[in-house]
Amino acid sequence: MLAQLQTAVGLLYPPSCMGCAQSIASHGGLCGACWRDTPFIAGLVCDGCGVPLPGGTPDEVAHCDTCLINPPSWVQGRSALVYRDMGRKLVLALKHGDRQDIAKPAAHWMARSVANILPANTLIAPIPLHWRRMMKRRFNQSALLARALSQETGHQCCLDLLKRIRHTRPLEGKNRTERYSVLHGAIRVSTGARATIKGRPILLVDDVMTSGATLSCATRACIDAGAGPIRVVTLARVAKET
């Protein structure tokens, strides 16, 4: 019965590439051309923010210049993709194009990036949206990623661990200092979740990291509420061209 249902769904909605809609063999994948244009992060990365680094070996612990000068408040960070080419296209499609189907394969890529850094009792939590933005967008893309990542890793997920207590202006076009200033104090741990996170390791999930200001604000909220070590993961990481 299930096989017949899956066949019927496949006939009505044939598998197509997430990037260009070309027909492919299975759902939630990329065609060969789009796969080549997807900048997966592999090899040596900054242990703090996940940005790819030249040289070295994948198991080497290294940090980028930014993290050496301004160490992040979390202990480790990873990303699955560089925010360019197909990486940027997928993030924007998920965030603004109502392509919620991207969350599951994206979470699979993100799970691979954090596979070796998560303690056993890690609690997964998404970066929250303010209710005004949530009303406009209808869904939180970070929550979709967090839920799918929980399914991929087997770690517990708390979708309402954090809340935005202040509606902030868009961050596009702002420098690092301005971003941190705008977001200062905008995120808090939900009152009912404080006991849950006491001393517990947390993995914060977002769609893209630019300066790290949003994740920094969320990390500070978790630390102030008594959480254990904080790690972060994003689908994509903005990286300087080299």
# chains A, B, ... in the order shown; residues from 1 in each chain; ligands from 1
>>> closest_atom_pairs(of="range 23-104 of chain A", to="range 215-236 of chain A", cutoff="10 Å", atoms="only C-alpha atoms", output="Markdown table")
| residue | atom | partner | partner_atom | distance |
| --- | --- | --- | --- | --- |
| A:Pro39 | CA | A:Ala236 | CA | 9.3 |
| A:Phe40 | CA | A:Ala236 | CA | 8.9 |
| A:Ile41 | CA | A:Ala236 | CA | 8.9 |
| A:Gly48 | CA | A:Arg231 | CA | 9.0 |
| A:Cys49 | CA | A:Val232 | CA | 8.1 |
| A:Gly50 | CA | A:Val233 | CA | 8.2 |
| A:Val51 | CA | A:Ala236 | CA | 9.4 |
| A:Pro72 | CA | A:Ser216 | CA | 7.1 |
| A:Ser73 | CA | A:Ser216 | CA | 6.2 |
| A:Trp74 | CA | A:Ile230 | CA | 4.9 |
| A:Val75 | CA | A:Arg231 | CA | 5.7 |
| A:Gln76 | CA | A:Arg231 | CA | 5.0 |
| A:Gly77 | CA | A:Val232 | CA | 4.7 |
| A:Arg78 | CA | A:Val233 | CA | 4.8 |
| A:Ser79 | CA | A:Thr234 | CA | 4.8 |
| A:Ala80 | CA | A:Leu235 | CA | 5.2 |
| A:Leu81 | CA | A:Ala236 | CA | 4.5 |
| A:Val82 | CA | A:Ala236 | CA | 5.2 |
| A:Tyr83 | CA | A:Ala236 | CA | 5.1 |
| A:Arg84 | CA | A:Ala236 | CA | 8.6 |
| A:Gly87 | CA | A:Ala236 | CA | 6.6 |
| A:Arg88 | CA | A:Ala236 | CA | 7.6 |
| A:Leu90 | CA | A:Leu235 | CA | 9.3 |
| A:Val91 | CA | A:Ala236 | CA | 7.4 |
| A:Ala103 | CA | A:Leu235 | CA | 9.3 |
>>> residues_around(residues="range 132-137 of chain A", least_positions_apart="6", cutoff="10 Å", atoms="only C-alpha atoms", output="count of residues only")
7
>>> closest_residue(among="A:Thr210, A:Asn121, A:Thr196, A:Ser23", to="Cys158 in chain A", atoms="only C-alpha atoms")
A:Thr196
>>> atom_distance(atom1="CA of Ala93 in chain A", atom2="CA of Val205 in chain A")
17.5 Å
>>> select_by_dssp(residues="range 101-190 of chain A", states="alpha helix (DSSP H)", output="MDAnalysis selection string")
chainID A and resid 103:114 131:137 141:153 176:183
>>> write_last_selection(atoms="C-alpha atoms", output="compact mmCIF listing (two decimals), in the first residue's frame")
# COMPACT_ATOMS: atom_id res chain seq x y z
CA ALA A 103 15.29 21.99 4.91
CA LYS A 104 15.62 18.20 5.01
CA PRO A 105 18.56 17.77 2.58
CA ALA A 106 20.15 20.92 4.02
CA ALA A 107 19.98 19.41 7.51
CA HIS A 108 21.70 16.30 6.19
CA TRP A 109 24.63 18.43 5.01
CA MET A 110 24.67 20.35 8.30
CA ALA A 111 24.65 17.10 10.30
CA ARG A 112 27.82 15.99 8.51
CA SER A 113 29.53 19.27 9.40
CA VAL A 114 28.88 18.86 13.16
CA TRP A 131 6.37 37.56 15.99
CA ARG A 132 5.95 40.46 13.55
CA ARG A 133 8.39 38.88 11.09
CA MET A 134 6.88 35.47 11.72
CA MET A 135 3.43 36.80 10.76
CA LYS A 136 4.85 38.14 7.50
CA ARG A 137 6.96 35.09 6.56
CA GLN A 141 13.47 28.76 8.32
CA SER A 142 15.87 28.20 11.23
CA ALA A 143 13.22 26.17 13.04
CA LEU A 144 12.71 24.02 9.93
CA LEU A 145 16.45 23.35 9.81
CA ALA A 146 16.63 22.65 13.56
CA ARG A 147 13.77 20.15 13.45
CA ALA A 148 15.26 18.33 10.46
CA LEU A 149 18.71 18.38 12.06
CA SER A 150 17.25 16.81 15.20
CA GLN A 151 15.85 13.99 13.08
CA GLU A 152 19.22 13.55 11.35
CA THR A 153 21.32 13.48 14.52
CA ARG A 176 29.96 44.22 12.19
CA THR A 177 29.77 46.84 14.93
CA GLU A 178 26.35 48.08 13.76
CA ARG A 179 24.97 44.53 13.61
CA TYR A 180 26.06 43.77 17.17
CA SER A 181 24.61 47.07 18.39
CA VAL A 182 21.22 46.48 16.73
CA LEU A 183 20.88 42.96 18.16
>>> closest_residue(among="A:Ala33, A:Ile187, A:Leu118, A:Ala62", to="Asp85 in chain A", atoms="only C-alpha atoms")
A:Ala33
>>> closest_residue(among="A:Ser26, A:Asn116, A:Thr122, A:Gln100", to="Phe139 in chain A", atoms="only C-alpha atoms")
A:Gln100
>>> closest_residue(among="A:Ile117, A:Cys67, A:Leu94, A:Ile165", to="Ser211 in chain A", atoms="only C-alpha atoms")
A:Cys67
>>> atom_distance(atom1="CA of Asn70 in chain A", atom2="CA of Asp47 in chain A")
13.3 Å
>>> closest_residue(among="A:Leu92, A:Gln156, A:Val61, A:Ile102", to="Ile197 in chain A", atoms="only C-alpha atoms")
A:Gln156
>>> closest_residue(among="A:Pro170, A:Gly199, A:Gly19, A:Gly212", to="Ala239 in chain A", atoms="only C-alpha atoms")
A:Gly212
